[in-house]
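Coordinates as given in input25.txt (compact mmCIF, C-alpha atoms):
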# COMPACT_ATOMS: atom_id res chain seq x y z
CA MET A 234 63.20 -13.46 85.42
CA ASN A 235 63.06 -16.61 83.38
CA GLU A 236 59.39 -16.05 82.64
CA GLN A 237 60.08 -12.70 81.03
CA MET A 238 63.01 -14.05 79.05
CA LYS A 239 60.75 -16.74 77.66
CA SER A 240 58.23 -14.16 76.51
CA THR A 241 60.73 -12.34 74.30
CA PRO A 242 61.46 -14.46 71.23
CA GLU A 243 64.97 -15.17 70.02
CA GLY A 244 66.34 -12.30 67.94
CA PHE A 245 64.13 -9.61 69.47
CA THR A 246 64.39 -7.10 72.28
CA ASP A 247 61.59 -5.44 74.24
CA ILE A 248 61.82 -1.64 74.50
CA PRO A 249 59.49 0.18 76.91
CA PHE A 250 56.96 2.21 74.97
CA ILE A 251 53.64 4.03 75.46
CA TYR A 252 51.00 4.68 72.84
CA VAL A 253 48.97 7.74 73.80
CA PHE A 254 45.33 8.51 73.07
CA ASP A 255 44.42 12.20 73.30
CA GLY A 256 40.77 12.43 74.33
CA ARG A 257 40.52 16.22 74.54
CA SER A 258 38.46 16.54 71.36
CA LEU A 259 35.71 14.18 72.56
CA THR A 260 32.30 15.56 73.51
CA PRO A 261 31.52 15.31 77.24
CA GLY A 262 28.58 13.02 77.99
CA ALA A 263 28.80 11.23 74.66
CA ASP A 264 29.23 7.50 74.03
CA VAL A 265 31.95 6.92 71.45
CA ASN A 266 32.75 3.64 69.72
CA ASN A 267 35.55 2.44 67.47
CA LEU A 268 38.29 4.70 68.78
CA ILE A 269 41.73 3.50 67.76
CA VAL A 270 45.37 3.81 68.59
CA SER A 271 47.62 2.92 65.67
CA ILE A 272 50.57 0.66 66.30
CA GLN A 273 53.80 1.58 64.53
CA GLU A 274 55.80 -0.89 62.44
CA ASP A 275 57.12 -2.99 65.33
CA ASP A 276 55.00 -5.47 67.26
CA PHE A 277 53.70 -4.13 70.57
CA VAL A 278 53.13 -6.06 73.79
CA LEU A 279 50.37 -4.39 75.82
CA ARG A 280 50.83 -4.69 79.61
CA SER A 281 48.59 -2.00 81.08
CA ILE A 282 46.38 0.96 80.24
CA ALA A 283 46.87 4.15 82.24
CA GLY A 284 44.61 7.15 82.59
CA MET A 285 41.40 5.97 80.92
CA SER A 286 39.70 7.37 84.04
CA THR A 287 40.57 10.88 82.81
CA ILE A 288 38.49 10.40 79.63
CA ALA A 289 35.31 8.43 80.33
CA ASP A 290 33.25 6.68 83.00
CA LYS A 291 33.17 3.24 81.38
CA TRP A 292 35.03 1.46 78.62
CA LYS A 293 35.88 -1.78 76.89
CA TYR A 294 38.62 -2.68 74.46
CA TYR A 295 39.42 -5.21 71.78
CA ASP A 296 42.28 -7.43 70.73
CA GLN A 297 44.02 -7.33 67.39
CA ALA A 298 41.35 -9.58 65.87
CA GLN A 299 38.66 -7.07 67.01
CA MET A 300 37.41 -9.49 69.66
CA ARG A 301 36.34 -7.99 72.98
CA VAL A 302 38.79 -8.33 75.86
CA ILE A 303 36.15 -7.13 78.36
CA SER A 304 32.73 -8.70 77.89
CA GLU A 305 30.76 -5.50 78.66
CA PHE A 306 31.45 -1.89 79.57
CA PHE A 307 33.11 -1.52 82.96
CA ALA A 308 34.23 1.43 85.06
CA THR A 309 37.52 2.97 83.97
CA SER A 310 40.48 3.17 86.33
CA ASN A 311 43.78 4.97 86.68
CA ARG A 312 45.65 1.79 85.75
CA TRP A 313 44.25 -1.33 84.10
CA THR A 314 46.59 -4.29 84.06
CA VAL A 315 46.69 -6.75 81.17
CA VAL A 316 47.58 -10.27 82.28
CA PRO A 317 48.77 -12.20 80.38
CA GLU A 318 50.22 -9.45 78.23
CA ARG A 319 48.61 -9.01 74.79
CA MET A 320 50.45 -8.80 71.49
CA TYR A 321 49.41 -6.36 68.77
CA GLN A 322 51.29 -6.83 65.54
CA GLY A 323 53.08 -3.97 63.85
CA ASN A 324 50.79 -1.65 61.83
CA SER A 325 47.69 -2.99 63.59
CA GLN A 326 45.35 -1.05 65.88
CA ILE A 327 44.12 -1.12 69.46
CA LYS A 328 40.37 -0.45 69.29
CA PHE A 329 38.23 0.65 72.23
CA ASP A 330 34.76 2.03 73.05
CA LEU A 331 33.85 4.64 75.63
CA GLN A 332 30.62 5.18 77.55
CA THR A 333 29.88 8.64 78.98
CA VAL A 334 32.87 10.77 78.08
CA ASN A 335 33.98 12.68 81.18
CA LEU A 336 37.09 14.77 80.56
CA ALA A 337 39.40 15.58 83.46
CA ALA A 338 40.90 19.05 83.76
CA ASN A 339 43.83 20.47 85.69
CA ALA A 340 43.81 23.40 88.12
CA ASP A 341 44.09 25.86 85.23
CA GLY A 342 41.02 24.39 83.54
CA ASN A 343 42.94 22.72 80.72
CA ASP A 344 41.75 19.25 79.75
CA ILE A 345 44.10 16.46 80.78
CA ALA A 346 42.18 13.65 79.12
CA PHE A 347 44.88 11.24 78.00
CA ALA A 348 45.13 7.47 78.05
CA GLY A 349 48.37 5.55 77.76
CA PHE A 350 48.65 2.05 76.36
CA VAL A 351 51.78 0.95 78.19
CA GLY A 352 53.97 -1.96 77.23
CA ALA A 353 56.94 -2.74 75.07
CA LYS A 354 57.89 -2.54 71.43
CA ARG A 355 59.37 -5.81 70.28
CA VAL A 356 62.15 -4.79 67.90
CA PRO A 357 64.60 -6.96 65.98
CA ASN A 358 68.06 -6.98 67.54
CA GLY A 359 70.25 -4.47 65.75
CA LYS A 360 67.44 -2.08 64.85
CA TYR A 361 68.92 0.51 67.20
CA ALA A 362 72.64 0.66 67.92
CA TRP A 363 72.11 0.94 71.68
CA VAL A 364 69.90 -2.11 71.98
CA GLY A 365 71.72 -4.91 73.69
CA TYR A 366 74.49 -2.61 74.96
CA GLU A 367 76.42 -4.10 77.85
CA SER A 368 79.04 -2.29 79.95
CA ASP A 369 82.36 -3.69 78.69
CA TYR A 370 84.62 -2.31 81.41
CA PRO A 371 85.37 -3.66 84.91
CA HIS A 372 82.87 -2.08 87.28
CA TRP A 373 81.03 -2.26 90.54
CA GLU A 374 77.45 -1.23 91.03
CA ARG A 375 75.73 1.22 93.34
CA GLN A 376 72.36 2.88 93.48
CA PHE A 377 72.48 6.41 92.16
CA THR A 378 69.99 9.20 91.55
CA TYR A 379 70.19 12.10 89.12
CA ARG A 380 68.10 15.19 89.84
CA ILE A 381 66.78 17.20 86.93
CA PRO A 382 65.13 20.48 87.98
CA ILE A 383 62.35 21.78 85.74
CA THR A 384 61.09 25.35 85.62
CA LEU A 385 57.70 25.61 84.00
CA ASP A 386 57.55 29.26 82.96
CA PHE A 387 55.96 28.67 79.58
CA PHE A 388 52.36 27.95 78.78
CA VAL A 389 49.87 25.77 77.01
CA GLY A 390 50.26 26.20 73.27
CA ASP A 391 53.92 27.23 73.52
CA ALA A 392 56.60 25.12 71.88
CA SER A 393 57.80 22.20 73.97
CA ARG A 394 61.14 22.51 75.76
CA GLN A 395 63.87 19.96 76.32
CA PHE A 396 65.57 19.17 79.60
CA SER A 397 68.42 16.74 79.98
CA MET A 398 71.07 15.35 82.30
CA GLU A 399 74.43 13.94 81.21
CA ILE A 400 75.45 10.55 82.54
CA THR A 401 78.85 11.26 84.05
CA ASP A 402 80.49 8.64 86.25
CA GLY A 403 79.57 5.33 84.65
CA ASP A 404 76.89 3.60 82.64
CA PHE A 405 73.50 4.06 84.27
CA GLU A 406 70.64 1.56 84.30
CA LEU A 407 67.49 3.63 84.70
CA GLN A 408 64.91 1.97 86.95
CA THR A 409 62.53 4.61 88.31
CA ILE A 410 61.38 8.13 87.54
CA SER A 411 59.93 10.30 90.31
CA ILE A 412 58.38 13.70 89.73
CA VAL A 413 57.35 16.12 92.46
CA ARG A 414 56.58 19.79 92.67
CA SER A 415 59.52 21.58 94.28
CA ASP A 416 58.27 25.14 94.92
CA THR A 417 55.40 23.86 97.07
CA PRO A 418 56.66 20.32 97.66
CA GLY A 419 54.11 17.60 97.07
CA ASP A 420 52.54 15.14 94.70
CA LEU A 421 51.42 15.94 91.19
CA ILE A 422 47.66 16.07 91.67
CA ALA A 423 46.61 17.00 88.15
CA ASP A 424 48.93 17.27 85.20
CA PRO A 425 50.59 20.69 84.94
CA PHE A 426 52.51 19.44 81.90
CA ARG A 427 52.99 16.53 79.54
CA ILE A 428 56.27 14.76 79.14
CA THR A 429 58.08 12.83 76.43
CA MET A 430 61.04 10.67 77.39
CA PHE A 431 63.81 9.63 75.01
CA ASP A 432 65.85 6.46 74.65
CA PRO A 433 69.63 6.25 75.27
CA SER A 434 70.36 7.48 71.74
CA GLY A 435 68.52 10.71 72.56
CA TYR A 436 66.73 10.59 69.22
CA ASN A 437 63.83 8.17 69.66
CA ALA A 438 60.90 8.99 71.91
CA LEU A 439 59.60 6.26 74.18
CA SER A 440 56.00 7.28 73.40
CA ASP A 441 54.20 8.29 70.22
CA LYS A 442 52.83 11.46 71.85
CA PRO A 443 53.57 13.30 75.12
CA CYS A 444 52.52 11.38 78.25
CA SER A 445 50.91 12.28 81.51
CA PRO A 446 53.68 12.48 84.12
CA ARG A 447 51.54 10.32 86.38
CA TRP A 448 52.10 7.33 84.08
CA LEU A 449 55.86 7.54 84.71
CA ASN A 450 55.86 8.73 88.28
CA TRP A 451 56.87 5.93 90.61
CA ILE A 452 56.36 8.08 93.70
CA GLN A 453 52.72 8.87 92.88
CA GLY A 454 49.98 7.14 94.87
CA ASN A 455 46.29 6.79 94.12
CA ASN A 456 46.51 3.48 92.30
CA TRP A 457 48.47 4.74 89.32
CA SER A 458 50.91 1.85 89.92
CA SER A 459 53.47 3.52 87.67
CA ALA A 460 56.92 2.06 87.13
CA PHE A 461 58.66 3.11 83.97
CA PRO A 462 60.72 1.98 82.15
CA ALA A 463 59.98 -1.73 82.21
CA PRO A 464 62.20 -3.31 81.05
CA THR A 465 64.92 -0.97 82.24
CA LEU A 466 67.19 1.04 79.95
CA VAL A 467 70.98 1.42 80.12
CA TYR A 468 72.25 4.93 79.37
CA PRO A 469 75.98 4.74 78.54
CA ILE A 470 78.43 7.17 80.12
CA ASN A 471 78.38 10.59 78.39
CA SER A 472 74.91 9.98 77.00
CA LEU A 473 71.92 12.12 77.95
CA ILE A 474 68.72 11.33 79.79
CA LYS A 475 66.45 13.64 77.88
CA PHE A 476 62.87 14.78 78.44
CA GLU A 477 60.64 17.09 76.44
CA ILE A 478 58.01 19.05 78.34
CA ASP A 479 54.74 20.49 77.00
CA SER A 480 53.14 22.95 79.42
CA LEU A 481 49.50 22.72 80.45
CA LEU A 482 49.59 25.94 82.48
CA ASN A 483 47.89 29.20 81.53
CA ALA A 484 50.03 31.56 83.60
CA GLY A 485 52.58 31.80 86.40
CA THR A 486 55.69 29.79 87.13
CA GLN A 487 55.99 26.41 88.82
CA THR A 488 59.07 24.31 89.48
CA PHE A 489 59.44 20.56 89.61
CA ASP A 490 62.11 17.99 90.35
CA ILE A 491 62.46 14.96 88.15
CA THR A 492 64.68 12.38 89.82
CA VAL A 493 65.81 9.28 88.00
CA THR A 494 67.10 6.42 90.10
CA GLY A 495 68.89 3.29 89.08
CA VAL A 496 72.15 1.40 89.15
CA GLU A 497 75.39 3.18 88.29
CA ARG A 498 78.24 1.01 87.01
CA MET A 499 81.35 2.55 88.49
CA PRO A 500 84.68 1.79 86.77
CA CYS A 501 87.22 -0.03 88.92
CA MET B 19 68.93 -14.75 73.81
CA GLN B 20 68.82 -11.03 74.57
CA GLN B 21 68.86 -10.41 78.29
CA TYR B 22 65.55 -9.00 79.51
CA ARG B 23 66.26 -6.28 82.07
CA ALA B 24 63.22 -6.65 84.29
CA ASN B 25 62.57 -3.56 86.40
CA PRO B 26 62.87 -4.54 90.08
CA TYR B 27 60.64 -1.62 91.09
CA ALA B 28 57.84 -2.58 88.71
CA SER B 29 55.00 -5.00 89.24
CA PRO B 30 55.19 -8.40 87.54
CA SER B 31 52.49 -7.28 85.12
CA ALA B 32 54.46 -4.15 84.17
CA ASN B 33 57.46 -6.33 83.43
CA GLY B 34 55.24 -8.59 81.40
CA ILE B 35 53.53 -11.76 82.49
CA GLY B 36 53.79 -14.10 79.57
CA ARG B 37 52.47 -17.59 79.20
CA ALA B 38 54.65 -19.45 81.68
CA GLY B 39 52.68 -21.91 83.78
CA VAL B 40 50.08 -22.61 81.13
CA PRO B 41 49.68 -26.37 80.65
CA ALA B 42 51.05 -27.85 77.45
CA GLY B 43 48.47 -27.82 74.68
CA PHE B 44 46.67 -24.71 75.92
CA ARG B 45 46.96 -20.97 75.45
CA ASP B 46 45.76 -18.29 77.87
CA ILE B 47 44.32 -15.05 76.48
CA ALA B 48 43.56 -12.19 78.88
CA TYR B 49 39.80 -11.75 79.26
CA ASP B 50 37.42 -10.15 81.75
CA TYR B 51 33.75 -10.97 82.30
CA VAL B 52 31.40 -8.22 83.49
CA LEU B 53 28.24 -8.96 85.52
CA PRO B 54 25.86 -6.10 86.35
CA ALA B 55 23.30 -6.66 89.12
CA SER B 56 20.70 -4.66 91.00
CA LEU B 57 19.55 -5.21 94.56
CA LEU B 58 16.44 -3.76 96.12
CA ALA B 59 16.83 -2.24 99.58
CA ASN B 60 17.72 -5.11 101.95
CA GLY B 61 16.97 -7.46 99.07
CA THR B 62 18.63 -10.70 98.07
CA LEU B 63 19.55 -12.02 94.65
CA ASN B 64 21.03 -15.27 93.36
CA ALA B 65 23.01 -14.31 90.28
CA GLN B 66 25.13 -16.29 87.87
CA MET B 67 28.03 -15.23 85.69
CA GLY B 68 27.88 -17.47 82.65
CA VAL B 69 31.14 -18.39 80.93
CA ASN B 70 31.25 -18.49 77.14
CA THR B 71 31.24 -21.87 75.49
CA ASP B 72 34.35 -21.20 73.41
CA SER B 73 36.86 -21.81 76.20
CA ASP B 74 37.44 -22.44 79.89
CA PHE B 75 37.87 -19.36 82.06
CA CYS B 76 40.75 -19.01 84.54
CA TRP B 77 39.34 -16.75 87.24
CA ARG B 78 42.28 -14.91 88.81
CA ALA B 79 40.93 -11.69 90.33
CA LEU B 80 37.80 -9.78 91.24
CA VAL B 81 36.90 -6.11 90.91
CA PHE B 82 33.54 -4.56 91.65
CA ASN B 83 31.83 -1.27 92.23
CA SER B 84 28.52 -0.62 93.93
CA THR B 85 26.36 2.22 95.14
CA GLY B 86 26.17 0.73 98.63
CA VAL B 87 27.41 -1.98 100.96
CA PHE B 88 26.37 -5.56 100.31
CA SER B 89 27.47 -9.09 101.13
CA VAL B 90 28.28 -11.88 98.71
CA LYS B 91 28.99 -15.59 98.74
CA PHE B 92 30.59 -16.97 95.59
CA SER B 93 30.37 -20.52 94.31
CA ASP B 94 32.22 -22.28 91.54
CA SER B 95 30.89 -24.17 88.58
CA ASP B 96 30.29 -27.28 90.70
CA SER B 97 28.30 -25.17 93.17
CA PHE B 98 31.02 -25.47 95.80
CA GLU B 99 30.90 -22.35 97.94
CA LEU B 100 34.08 -20.28 98.24
CA SER B 101 33.43 -19.06 101.80
CA ASN B 102 31.67 -20.39 104.86
CA SER B 103 29.48 -17.32 105.02
CA ALA B 104 28.65 -14.24 102.98
CA ILE B 105 31.50 -11.69 102.92
CA ILE B 106 30.83 -7.99 103.42
CA SER B 107 31.84 -6.08 100.29
CA ALA B 108 34.22 -3.79 102.18
CA ASN B 109 36.37 -6.84 102.90
CA ILE B 110 36.99 -7.67 99.25
CA GLN B 111 37.70 -4.23 97.83
CA GLY B 112 39.84 -3.85 94.78
CA ASP B 113 40.21 -1.82 91.62
CA PRO B 114 41.43 -2.85 88.19
CA SER B 115 45.04 -1.95 89.01
CA SER B 116 45.05 -3.85 92.30
CA PRO B 117 42.17 -6.32 92.21
CA TRP B 118 41.16 -8.84 94.84
CA PRO B 119 43.26 -11.87 93.91
CA ILE B 120 41.89 -15.40 93.53
CA LEU B 121 44.76 -17.69 94.50
CA PRO B 122 45.07 -20.30 93.24
CA GLU B 123 43.07 -19.49 90.14
CA ILE B 124 39.70 -21.20 89.71
CA ILE B 125 39.01 -22.90 86.40
CA ILE B 126 35.41 -22.47 85.26
CA PRO B 127 34.77 -24.84 82.37
CA ALA B 128 33.37 -23.57 79.09
CA GLY B 129 29.64 -23.05 79.48
CA GLY B 130 29.99 -23.11 83.27
CA ARG B 131 29.07 -20.42 85.75
CA ILE B 132 30.18 -18.49 88.79
CA GLY B 133 27.41 -18.24 91.35
CA LEU B 134 26.75 -15.24 93.60
CA GLU B 135 24.40 -15.01 96.59
CA LEU B 136 23.93 -11.29 97.12
CA LEU B 137 22.35 -9.39 100.01
CA ASP B 138 21.99 -5.63 100.20
CA LEU B 139 23.22 -4.14 103.50
CA SER B 140 22.79 -0.48 102.58
CA GLY B 141 19.06 -0.22 103.15
CA VAL B 142 18.51 1.45 99.79
CA ASP B 143 18.45 0.18 96.21
CA ASN B 144 21.95 -0.92 95.26
CA THR B 145 23.49 -1.06 91.79
CA LEU B 146 26.42 -3.46 91.47
CA ASN B 147 28.91 -4.23 88.74
CA PHE B 148 31.32 -7.14 89.00
CA LEU B 149 34.43 -7.65 86.89
CA PHE B 150 35.81 -11.19 86.88
CA ARG B 151 39.41 -10.81 85.70
CA GLY B 152 41.36 -13.68 84.26
CA ALA B 153 42.04 -15.45 81.01
CA LYS B 154 40.30 -17.60 78.46
CA ARG B 155 42.14 -20.91 78.19
CA PHE B 156 41.97 -22.14 74.64
CA THR B 157 42.95 -25.62 73.51
CA LEU B 158 45.60 -25.54 70.81
CA GLY B 159 44.40 -27.50 67.81

Represent the structure contained in this file as structure tokens.
Amino acid sequence: MNEQMKSTPEGFTDIPFIYVFDGRSLTPGADVNNLIVSIQEDDFVLRSIAGMSTIADKWKYYDQAQMRVISEFFATSNRWTVVPERMYQGNSQIKFDLQTVNLAANADGNDIAFAGFVGAKRVPNGKYAWVGYESDYPHWERQFTYRIPITLDFFVGDASRQFSMEITDGDFELQTISIVRSDTPGDLIADPFRITMFDPSGYNALSDKPCSPRWLNWIQGNNWSSAFPAPTLVYPINSLIKFEIDSLLNAGTQTFDITVTGVERMPC
Amino acid sequence: MQQYRANPYASPSANGIGRAGVPAGFRDIAYDYVLPASLLANGTLNAQMGVNTDSDFCWRALVFNSTGVFSVKFSDSDSFELSNSAIISANIQGDPSSPWPILPEIIIPAGGRIGLELLDLSGVDNTLNFLFRGAKRFTLG
């Protein structure tokens, strides 16, 4: 991946990150301009936009200099790729306009109007202790999957709950996340919950607000084209893969399986 | 340099497509041109997508939506046609996450145009919207 290595400057590391726009307070049918997502202190490389189709019929967005990236309004989509990737400096904003707000809702009637600006934070090496971690023991590699069962027996408005899985046999390079319903097995059609994923330290979220599971779900079809994290993350042995779940259900109980697949570095 | 752990399951764009392949002295900035068009029932239209005068445009992909089936024949800025006949829209479907690719990319010079010969095949009035995906290629000063 020489091309990717070239795109990350000397002294910096890219960390997968999602900035989330919550569109639930917008008025259906309205046209809304000058909406913003605020970038935190680190530079952000924007690589795709997920879920704008759950908020409005048409949209356009702007670069850091407030210049249009799309010449006119165009139909929203589940996933909008950004090629070449676009840099937004730390403490800047991603601005966008919407035409005809059209909020999606889940089976319980709760709005699921969220858009994710997906890419990578470009942080100075050394900012987080885990950045740049390499397995320093003799090892061989194999594909491995951890299964994390989720019981959603709490409801919209309740406090979020944490679920986690300890990395046990060797360092684990996380490559894909798949989420399916397990009580009536099948795809996630409309979001029954929102999810926040944490980095290998377990302290820092990989998004500024909870995400739609469809933005992370590699197994999901329908042109979501989700593959998170990119770049991958290495969770050292004895660390936790941790998720926080916010329910979007009104009643009842549903169960889900989150499976995380990647490369396990087995000691030898 | 810090090793970049590209995700083998992710698309190249999710892993980040930087500026490799851009000729020396230039810089590519992601940009998309939108062209709305309307066709009367069974009608024809010669449309042009004008490119801004600030930079060349690297046309790399096409997305469109329409209220009915139509056919289209594209031409580049030198009026060279890109197919031997008009193509039925169902054969060039794409959406913004998986657009119809233009390989190799077509460079439309600043102030140039992309030509479209459109024909409605739906038999009723047809509203079209084209998205020409690509990048503005700026000259570094």

- Task: May I have the residues within 12 Å of Thr492 in chain A as a list of chain:residue names, using all atoms listed in the file and disregarding those fewer than 5 positions away in the same chain?
- Result: A:Phe377, A:Thr378, A:Tyr379, A:Arg380, A:Ile381, A:Pro382, A:Ile383, A:Ser397, A:Met398, A:Leu407, A:Gln408, A:Thr409, A:Ile410, A:Ser411, A:Ile412, A:Val413, A:Arg414, A:Ser415, A:Leu449, A:Asn450, A:Trp451, A:Ile452, A:Ile474, A:Phe476

- Task: Report as a VMD selection string the set of chain A residues whose atoms approach chain B to within 6 Å, with distances computed over all atoms listed in the file.
- Result: chain A and resid 236 238 240 243 280 302 to 305 312 to 314 316 to 318 460 463 to 465

Dump C-alpha atoms for the selected residues as an mmCIF file, keeping the file's coordinate frame?
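Full text of again-v1.cif as output:
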data_model
loop_
_atom_site.group_PDB
_atom_site.id
_atom_site.type_symbol
_atom_site.label_atom_id
_atom_site.label_comp_id
_atom_site.auth_asym_id
_atom_site.auth_seq_id
_atom_site.Cartn_x
_atom_site.Cartn_y
_atom_site.Cartn_z
ATOM 1 C CA GLU A 236 59.390 -16.050 82.640
ATOM 2 C CA MET A 238 63.010 -14.050 79.050
ATOM 3 C CA SER A 240 58.230 -14.160 76.510
ATOM 4 C CA GLU A 243 64.970 -15.170 70.020
ATOM 5 C CA ARG A 280 50.830 -4.690 79.610
ATOM 6 C CA VAL A 302 38.790 -8.330 75.860
ATOM 7 C CA ILE A 303 36.150 -7.130 78.360
ATOM 8 C CA SER A 304 32.730 -8.700 77.890
ATOM 9 C CA GLU A 305 30.760 -5.500 78.660
ATOM 10 C CA ARG A 312 45.650 1.790 85.750
ATOM 11 C CA TRP A 313 44.250 -1.330 84.100
ATOM 12 C CA THR A 314 46.590 -4.290 84.060
ATOM 13 C CA VAL A 316 47.580 -10.270 82.280
ATOM 14 C CA PRO A 317 48.770 -12.200 80.380
ATOM 15 C CA GLU A 318 50.220 -9.450 78.230
ATOM 16 C CA ALA A 460 56.920 2.060 87.130
ATOM 17 C CA ALA A 463 59.980 -1.730 82.210
ATOM 18 C CA PRO A 464 62.200 -3.310 81.050
ATOM 19 C CA THR A 465 64.920 -0.970 82.240
#

- Query: Which residues come within 9 Å of Val356 in chain A, counting only C-alpha atoms, excluding same-chain residues fewer than 4 positions away, as a PyMOL selection string?
  - Reply: chain A and resi 244-248+275-277+360-361

- Do a neighbour search on range 368-376 of chain A at 9 Å with all atoms listed in the file, toss out local chain neighbours closer than 2 positions, and write the hits as JSON, numbers by chain. {"A": [366, 378, 403, 404, 467, 469, 494, 495, 496, 497, 498, 499, 500, 501]}

- Query: Counting only C-alpha atoms, which residues come within 6 Å of (74.5, 8.7, 81.2), with the point read in the file's coordinates, and could you list them as a list in words?
  - Reply: Glu399, Ile400, Thr401, Asp404, Phe405, Tyr468, Pro469, Ile470, Asn471, Ser472 and Leu473 of chain A

- Task: Between CA of Asp94 in chain B and CA of Thr62 in chain B, measure the distance and give it in Å to one decimal.
- Result: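 These two atoms are separated by 19.0 Å.
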
- Message: Set the distance at 6 Å and use only C-alpha atoms: which residues neighbour Val253 in chain A once local chain neighbours fewer than 3 positions away are removed? I'd like the list as a list in words.
- Response: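 Residues near the query, excluding close chain neighbours: Ala348, Gly349 and Lys442 of chain A.
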